[in-house]
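The next block is coords_36.pdb, given as PDB, C-alpha atoms.
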```
MODEL        1
ATOM      1  CA  MET A  55     106.415  93.806 111.232  1.00  0.00           C
ATOM      2  CA  GLU A  56     102.867  93.006 110.198  1.00  0.00           C
ATOM      3  CA  LYS A  57     101.364  95.139 107.455  1.00  0.00           C
ATOM      4  CA  LEU A  58      97.660  95.740 106.966  1.00  0.00           C
ATOM      5  CA  PRO A  59      95.940  96.525 103.673  1.00  0.00           C
ATOM      6  CA  VAL A  60      94.354  99.970 103.792  1.00  0.00           C
ATOM      7  CA  THR A  61      92.224 101.737 101.207  1.00  0.00           C
ATOM      8  CA  VAL A  62      92.771 105.475 101.231  1.00  0.00           C
ATOM      9  CA  MET A  63      91.326 108.391  99.330  1.00  0.00           C
ATOM     10  CA  ILE A  64      94.006 110.867  98.307  1.00  0.00           C
ATOM     11  CA  TYR A  65      93.903 114.016  96.237  1.00  0.00           C
ATOM     12  CA  ALA A  66      94.077 113.247  92.516  1.00  0.00           C
ATOM     13  CA  TYR A  67      97.173 115.443  92.105  1.00  0.00           C
ATOM     14  CA  GLN A  68      98.939 113.415  94.840  1.00  0.00           C
ATOM     15  CA  ALA A  69      97.968 110.154  93.130  1.00  0.00           C
ATOM     16  CA  GLY A  70      99.405 111.526  89.899  1.00  0.00           C
ATOM     17  CA  ARG A  71     102.634 112.514  91.602  1.00  0.00           C
ATOM     18  CA  LEU A  72     102.947 109.045  93.166  1.00  0.00           C
ATOM     19  CA  ASP A  73     102.321 107.409  89.792  1.00  0.00           C
ATOM     20  CA  LEU A  74     105.004 109.633  88.260  1.00  0.00           C
ATOM     21  CA  LEU A  75     107.415 108.769  91.080  1.00  0.00           C
ATOM     22  CA  LYS A  76     106.871 105.038  90.500  1.00  0.00           C
ATOM     23  CA  LYS A  77     107.467 105.446  86.751  1.00  0.00           C
ATOM     24  CA  ARG A  78     110.622 107.503  87.356  1.00  0.00           C
ATOM     25  CA  GLN A  79     111.921 104.879  89.800  1.00  0.00           C
ATOM     26  CA  ARG A  80     111.426 102.083  87.240  1.00  0.00           C
ATOM     27  CA  MET A  81     113.269 104.126  84.618  1.00  0.00           C
ATOM     28  CA  GLU A  82     116.147 104.872  87.018  1.00  0.00           C
ATOM     29  CA  GLU A  83     116.420 101.199  87.994  1.00  0.00           C
ATOM     30  CA  ALA A  84     116.547 100.160  84.327  1.00  0.00           C
ATOM     31  CA  ALA A  85     119.183 102.822  83.584  1.00  0.00           C
ATOM     32  CA  THR A  86     121.270 101.640  86.543  1.00  0.00           C
ATOM     33  CA  ILE A  87     121.105  98.038  85.325  1.00  0.00           C
ATOM     34  CA  ARG A  88     122.241  99.137  81.844  1.00  0.00           C
ATOM     35  CA  ALA A  89     125.105 101.190  83.351  1.00  0.00           C
ATOM     36  CA  LEU A  90     126.244  98.230  85.458  1.00  0.00           C
ATOM     37  CA  GLU A  91     126.152  95.993  82.390  1.00  0.00           C
ATOM     38  CA  ARG A  92     128.314  98.517  80.499  1.00  0.00           C
ATOM     39  CA  GLU A  93     130.773  98.279  83.415  1.00  0.00           C
ATOM     40  CA  GLY A  94     131.046  94.532  82.813  1.00  0.00           C
ATOM     41  CA  LYS A  95     128.473  93.090  85.212  1.00  0.00           C
ATOM     42  CA  THR A  96     126.237  90.326  83.954  1.00  0.00           C
ATOM     43  CA  ARG A  97     122.525  91.116  83.766  1.00  0.00           C
ATOM     44  CA  ARG A  98     121.938  88.864  86.781  1.00  0.00           C
ATOM     45  CA  GLU A  99     124.680  90.580  88.803  1.00  0.00           C
ATOM     46  CA  ALA A 100     123.335  94.002  87.849  1.00  0.00           C
ATOM     47  CA  ARG A 101     119.795  93.052  88.888  1.00  0.00           C
ATOM     48  CA  ILE A 102     121.053  91.754  92.252  1.00  0.00           C
ATOM     49  CA  ILE A 103     122.959  95.009  92.866  1.00  0.00           C
ATOM     50  CA  VAL A 104     119.881  97.067  91.975  1.00  0.00           C
ATOM     51  CA  ALA A 105     117.693  94.914  94.233  1.00  0.00           C
ATOM     52  CA  ARG A 106     120.043  95.687  97.129  1.00  0.00           C
ATOM     53  CA  MET A 107     119.955  99.402  96.292  1.00  0.00           C
ATOM     54  CA  ARG A 108     116.171  99.564  95.964  1.00  0.00           C
ATOM     55  CA  PRO A 109     115.131 100.169  99.615  1.00  0.00           C
ATOM     56  CA  GLU A 110     117.386 103.233  99.883  1.00  0.00           C
ATOM     57  CA  GLU A 111     117.428 104.583  96.344  1.00  0.00           C
ATOM     58  CA  TRP A 112     113.899 103.711  95.214  1.00  0.00           C
ATOM     59  CA  PRO A 113     111.672 103.022  98.219  1.00  0.00           C
ATOM     60  CA  SER A 114     108.279 101.471  97.505  1.00  0.00           C
ATOM     61  CA  LEU A 115     105.228 103.705  97.321  1.00  0.00           C
ATOM     62  CA  GLU A 116     104.003 102.029 100.502  1.00  0.00           C
ATOM     63  CA  THR A 117     107.168 103.210 102.247  1.00  0.00           C
ATOM     64  CA  VAL A 118     106.758 106.741 100.866  1.00  0.00           C
ATOM     65  CA  VAL A 119     103.087 106.871 101.897  1.00  0.00           C
ATOM     66  CA  ALA A 120     103.851 105.458 105.364  1.00  0.00           C
ATOM     67  CA  GLN A 121     106.536 108.126 105.872  1.00  0.00           C
ATOM     68  CA  ALA A 122     104.097 110.850 104.762  1.00  0.00           C
ATOM     69  CA  VAL A 123     101.441 109.552 107.178  1.00  0.00           C
ATOM     70  CA  GLU A 124     103.998 109.430 110.014  1.00  0.00           C
ATOM     71  CA  GLN A 125     105.006 113.011 109.256  1.00  0.00           C
ATOM     72  CA  ARG A 126     101.393 114.205 109.176  1.00  0.00           C
ATOM     73  CA  LEU A 127     100.548 112.418 112.439  1.00  0.00           C
ATOM     74  CA  ALA A 128     103.477 114.205 114.099  1.00  0.00           C
ATOM     75  CA  GLU A 129     102.077 117.667 113.323  1.00  0.00           C
ATOM     76  CA  PRO A 130     100.626 119.550 116.326  1.00  0.00           C
ATOM     77  CA  ASP A 131      96.952 119.240 115.357  1.00  0.00           C
ATOM     78  CA  LEU A 132      97.179 115.429 115.170  1.00  0.00           C
ATOM     79  CA  ALA A 133     100.033 114.548 117.530  1.00  0.00           C
ATOM     80  CA  GLY A 134      97.814 113.592 120.479  1.00  0.00           C
ATOM     81  CA  PRO A 135      98.144 111.990 122.904  1.00  0.00           C
ATOM     82  CA  TRP A 136      94.851 110.244 122.172  1.00  0.00           C
ATOM     83  CA  ARG A 137      92.814 107.939 124.355  1.00  0.00           C
ATOM     84  CA  PRO A 138      93.114 104.374 123.079  1.00  0.00           C
ATOM     85  CA  LEU A 139      90.125 103.114 121.162  1.00  0.00           C
ATOM     86  CA  THR A 140      87.632 101.079 123.136  1.00  0.00           C
ATOM     87  CA  GLU A 141      86.724  97.594 121.984  1.00  0.00           C
ATOM     88  CA  VAL A 142      83.366  98.889 120.694  1.00  0.00           C
ATOM     89  CA  GLU A 143      85.087 101.687 118.737  1.00  0.00           C
ATOM     90  CA  GLU A 144      87.562  99.243 117.201  1.00  0.00           C
ATOM     91  CA  GLU A 145      84.699  96.981 116.160  1.00  0.00           C
ATOM     92  CA  GLU A 146      82.904  99.923 114.556  1.00  0.00           C
ATOM     93  CA  LEU A 147      86.079 100.944 112.726  1.00  0.00           C
ATOM     94  CA  ALA A 148      86.412  97.399 111.376  1.00  0.00           C
ATOM     95  CA  LEU A 149      83.192  97.844 109.400  1.00  0.00           C
ATOM     96  CA  SER A 150      83.635  98.695 105.758  1.00  0.00           C
ATOM     97  CA  GLY A 151      82.373 101.955 104.364  1.00  0.00           C
ATOM     98  CA  ARG A 152      83.310 105.579 104.235  1.00  0.00           C
ATOM     99  CA  TRP A 153      83.703 107.767 107.244  1.00  0.00           C
ATOM    100  CA  PRO A 154      82.948 111.475 107.344  1.00  0.00           C
ATOM    101  CA  GLY A 155      85.648 113.759 106.083  1.00  0.00           C
ATOM    102  CA  PRO A 156      86.022 117.160 104.517  1.00  0.00           C
ATOM    103  CA  ASN A 157      84.474 117.853 101.152  1.00  0.00           C
ATOM    104  CA  LEU A 158      86.830 120.367  99.672  1.00  0.00           C
ATOM    105  CA  GLY A 159      85.439 120.140  96.164  1.00  0.00           C
ATOM    106  CA  VAL A 160      88.547 118.440  94.766  1.00  0.00           C
ATOM    107  CA  SER A 161      88.924 115.142  92.954  1.00  0.00           C
ATOM    108  CA  LEU A 162      90.002 112.174  95.031  1.00  0.00           C
ATOM    109  CA  SER A 163      91.583 108.906  93.914  1.00  0.00           C
ATOM    110  CA  GLN A 164      91.321 105.577  95.676  1.00  0.00           C
ATOM    111  CA  ARG A 165      94.578 103.783  96.404  1.00  0.00           C
ATOM    112  CA  ASN A 166      95.379 100.592  98.279  1.00  0.00           C
ATOM    113  CA  TYR A 167      98.526 100.245 100.362  1.00  0.00           C
ATOM    114  CA  LYS A 168      99.894  97.838 102.948  1.00  0.00           C
ATOM    115  CA  LEU A 169     101.037  99.891 105.910  1.00  0.00           C
ATOM    116  CA  PRO A 170     102.582  98.826 109.233  1.00  0.00           C
ATOM    117  CA  SER A 171      99.826  97.677 111.577  1.00  0.00           C
ATOM    118  CA  GLU A 172     100.955 100.001 114.380  1.00  0.00           C
ATOM    119  CA  LEU A 173     100.812 102.982 112.016  1.00  0.00           C
ATOM    120  CA  VAL A 174      97.310 101.972 110.863  1.00  0.00           C
ATOM    121  CA  LYS A 175      96.175 101.755 114.478  1.00  0.00           C
ATOM    122  CA  ARG A 176      97.597 105.213 115.267  1.00  0.00           C
ATOM    123  CA  LEU A 177      96.024 106.655 112.139  1.00  0.00           C
ATOM    124  CA  ARG A 178      92.608 105.178 112.906  1.00  0.00           C
ATOM    125  CA  THR A 179      92.775 106.249 116.549  1.00  0.00           C
ATOM    126  CA  THR A 180      93.721 109.791 115.570  1.00  0.00           C
ATOM    127  CA  ALA A 181      90.990 110.000 112.927  1.00  0.00           C
ATOM    128  CA  TRP A 182      88.411 108.663 115.372  1.00  0.00           C
ATOM    129  CA  ARG A 183      89.362 111.041 118.164  1.00  0.00           C
ATOM    130  CA  VAL A 184      89.537 114.098 115.881  1.00  0.00           C
ATOM    131  CA  SER A 185      86.098 113.207 114.478  1.00  0.00           C
ATOM    132  CA  GLU A 186      84.563 112.257 117.827  1.00  0.00           C
ATOM    133  CA  GLU A 187      82.637 115.488 118.512  1.00  0.00           C
ATOM    134  CA  PRO A 188      81.359 116.085 114.958  1.00  0.00           C
ATOM    135  CA  LEU A 189      80.286 112.422 114.707  1.00  0.00           C
ATOM    136  CA  ARG A 190      78.460 112.662 118.025  1.00  0.00           C
ATOM    137  CA  GLU A 191      76.562 115.702 116.748  1.00  0.00           C
ATOM    138  CA  LEU A 192      75.706 113.957 113.463  1.00  0.00           C
ATOM    139  CA  ARG A 193      74.426 110.906 115.367  1.00  0.00           C
ATOM    140  CA  GLU A 194      72.317 113.089 117.670  1.00  0.00           C
ATOM    141  CA  ARG A 195      70.753 114.685 114.610  1.00  0.00           C
ATOM    142  CA  GLY A 196      70.111 111.265 113.065  1.00  0.00           C
ATOM    143  CA  LEU A 197      72.386 111.972 110.119  1.00  0.00           C
ATOM    144  CA  VAL A 198      74.648 108.918 110.363  1.00  0.00           C
ATOM    145  CA  GLY A 199      73.646 105.360 109.708  1.00  0.00           C
ATOM    146  CA  ALA A 200      73.034 102.710 107.099  1.00  0.00           C
ATOM    147  CA  GLY A 201      70.058 103.232 104.864  1.00  0.00           C
ATOM    148  CA  LEU A 202      69.614 106.849 105.863  1.00  0.00           C
ATOM    149  CA  VAL A 203      67.359 108.594 103.375  1.00  0.00           C
ATOM    150  CA  LEU A 204      66.789 112.322 103.640  1.00  0.00           C
ATOM    151  CA  GLY A 205      63.953 114.211 102.072  1.00  0.00           C
ATOM    152  CA  GLU A 206      64.538 117.381 100.080  1.00  0.00           C
ATOM    153  CA  SER A 207      63.733 119.657 103.033  1.00  0.00           C
ATOM    154  CA  GLU A 208      65.970 117.588 105.366  1.00  0.00           C
ATOM    155  CA  ARG A 209      68.952 117.897 103.026  1.00  0.00           C
TER     156      ARG A 209
ENDMDL
END
```
Structure encoded using structure tokens:
Amino acid sequence: MEKLPVTVMIYAYQAGRLDLLKKRQRMEEAATIRALEREGKTRREARIIVARMRPEEWPSLETVVAQAVEQRLAEPDLAGPWRPLTEVEEEELALSGRWPGPNLGVSLSQRNYKLPSELVKRLRTTAWRVSEEPLRELRERGLVGAGLVLGESER
């Protein structure tokens, strides 16, 4: 399954929890290796056993994030079905930059993950369709576009 690199903005508290999870997983893996060595396994054997355990016991953050995205996309407000993106929409989504989203007055952290390409496509399609009407209104008002500069009264 192909994975695509995706840059996401997540709440700072979520980023902290993911960082803590990763640290805890490393500590648990190390403790498991030590326990296996105490049971008579060589360090190499213990590391091989832990490597086999890793996907189930200590899934990667990318796996955890992908599962969270899948769960969120299954909720009623995002479940769809959504019209597939047109070629023009896909080309526009391929451009770098930020897209409109809520400003809830909370700190966000940037994270990079490689997620399954099909999941990325579903996520982008959902985000595009949910934002379709507000984006149309912003475009009609001339509030979206590169190099847009607003005067004080316009803001």
Return as a Markdown table the residues of stretch 92-144 of chain A lying at most 12 Å from stretch 67-80 of chain A, together with the closest atom-to-atom pair for each and the distance in Å to one decimal, counting only C-alpha atoms, with rows in chain order and ascending residue number.
```
| residue | atom | partner | partner_atom | distance |
| --- | --- | --- | --- | --- |
| A:Val104 | CA | A:Arg80 | CA | 10.9 |
| A:Ala105 | CA | A:Arg80 | CA | 11.8 |
| A:Met107 | CA | A:Gln79 | CA | 11.7 |
| A:Arg108 | CA | A:Gln79 | CA | 9.2 |
| A:Pro109 | CA | A:Gln79 | CA | 11.3 |
| A:Glu110 | CA | A:Gln79 | CA | 11.6 |
| A:Glu111 | CA | A:Gln79 | CA | 8.6 |
| A:Trp112 | CA | A:Gln79 | CA | 5.9 |
| A:Pro113 | CA | A:Gln79 | CA | 8.6 |
| A:Ser114 | CA | A:Lys76 | CA | 8.0 |
| A:Leu115 | CA | A:Leu72 | CA | 7.1 |
| A:Glu116 | CA | A:Leu72 | CA | 10.2 |
| A:Thr117 | CA | A:Leu72 | CA | 11.6 |
| A:Val118 | CA | A:Leu72 | CA | 8.9 |
| A:Val119 | CA | A:Leu72 | CA | 9.0 |
| A:Ala122 | CA | A:Gln68 | CA | 11.5 |
```
Spatial neighbours of A:Leu58, 7 Å, all atoms listed in the file, chain gap at least 5 places, as a list in words: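 Using all atoms listed in the file, the neighbours found are Lys168, Leu169, Pro170 and Ser171 of chain A.
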Atom CA of A:Glu187 to atom CA of A:Pro130, distance in Å rounded to a single decimal: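 Atom CA of A:Pro130 lies at a distance of 18.6 Å from atom CA of A:Glu187.
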Given the PyMOL selection byres ((chain A and resi 180) around 9), the residues it picks as a list in words: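 Evaluating the PyMOL selection byres ((chain A and resi 180) around 9) on these coordinates yields Leu127, Leu132, Ala133, Gly134, Pro135, Trp136, Lys175, Arg176, Leu177, Arg178, Thr179, Ala181, Trp182, Arg183, Val184 and Ser185 of chain A.
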Distance of atom CA of A:Val62 from atom CA of A:Val160, expressed in Å to one decimal place: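 Atom CA of A:Val62 lies at a distance of 15.1 Å from atom CA of A:Val160.
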May I have the residues within 12 Å of stretch 94-100 of chain A as a short mmCIF file (atom, residue, chain, number, x, y, z; two decimals) with C-alpha atoms, in the coordinates of the input, using only C-alpha atoms and disregarding those fewer than 6 positions away in the same chain?
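Below is the file that was written, out_13.cif:
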```cif
data_model
loop_
_atom_site.label_atom_id
_atom_site.label_comp_id
_atom_site.auth_asym_id
_atom_site.auth_seq_id
_atom_site.Cartn_x
_atom_site.Cartn_y
_atom_site.Cartn_z
CA GLU A 83 116.42 101.20 87.99
CA ALA A 84 116.55 100.16 84.33
CA ALA A 85 119.18 102.82 83.58
CA THR A 86 121.27 101.64 86.54
CA ILE A 87 121.10 98.04 85.32
CA ARG A 88 122.24 99.14 81.84
CA ARG A 106 120.04 95.69 97.13
CA MET A 107 119.96 99.40 96.29
#
```
Which residue of A:Ala66, A:Leu192, A:Leu173, A:Met55 approaches A:Ala128 most closely, using all atoms listed in the file: A:Leu173
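Among the candidate residues A:Leu197, A:Arg101, A:Glu172, A:Gln164, the one lying nearest to A:Lys57 is A:Glu172, with distances computed using only C-alpha atoms.
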Between atom CA of A:Tyr65 and atom CA of A:Glu129, distance in Å (one decimal):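 It comes out at 19.3 Å.
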